[in-house]
Amino acid sequence: METGKTSLPAVITLEVIAQLKKEKSDELLQSRKKMSETLHELFAPAEQKGGAEGIMHHIHTGMAVYDGVRTGIKIIQRIRGYLRKKK
């Protein structure tokens, strides 16, 4: 009976189970660290831009937020209008 890297002996003892548990625990810890590092890389704040490029970035972000809010309001109004006509 084999599982991946570790081969199990014919007789499974508590020591073997404890060793396998420790190996899997270490593996899990490494995976958690790797996932944490990946999340920090993905969601790290962008580098600050100075001068005209920074101002343009702020303007662009503001316009995107405004457009999103306006679109959301229009959708809500249409849904309300549709529901009012049904009754």
# chains A, B, ... in the order shown; residues from 1 in each chain; ligands from 1
>>> select_by_dssp(residues="chain A", states="strand (DSSP E)", output="VMD selection string")
chain A and resid 2 to 3 6 to 7
>>> write_last_selection(atoms="N, CA and C atoms", output="tab-separated table (two decimals), in the first residue's frame")
chain	number	residue	atom	x	y	z
A	2	GLU	N	0.84	2.04	-1.07
A	2	GLU	CA	1.68	3.23	-1.17
A	2	GLU	C	0.83	4.47	-1.40
A	3	THR	N	1.29	5.56	-0.77
A	3	THR	CA	0.63	6.85	-1.00
A	3	THR	C	1.70	7.87	-1.31
A	6	THR	N	5.53	8.55	0.60
A	6	THR	CA	5.72	7.70	1.77
A	6	THR	C	5.10	6.34	1.53
A	7	SER	N	5.91	5.29	1.75
A	7	SER	CA	5.37	3.94	1.62
A	7	SER	C	5.05	3.44	3.02
>>> select_by_dssp(residues="chain A", states="alpha helix (DSSP H)", output="MDAnalysis selection string")
chainID A and resid 14:42 51:86
>>> atom_distance(atom1="CA of Ile59 (chain A)", atom2="CA of Phe43 (chain A)")
21.6 Å
>>> atom_distance(atom1="CA of Glu41 (chain A)", atom2="CA of Met63 (chain A)")
26.5 Å
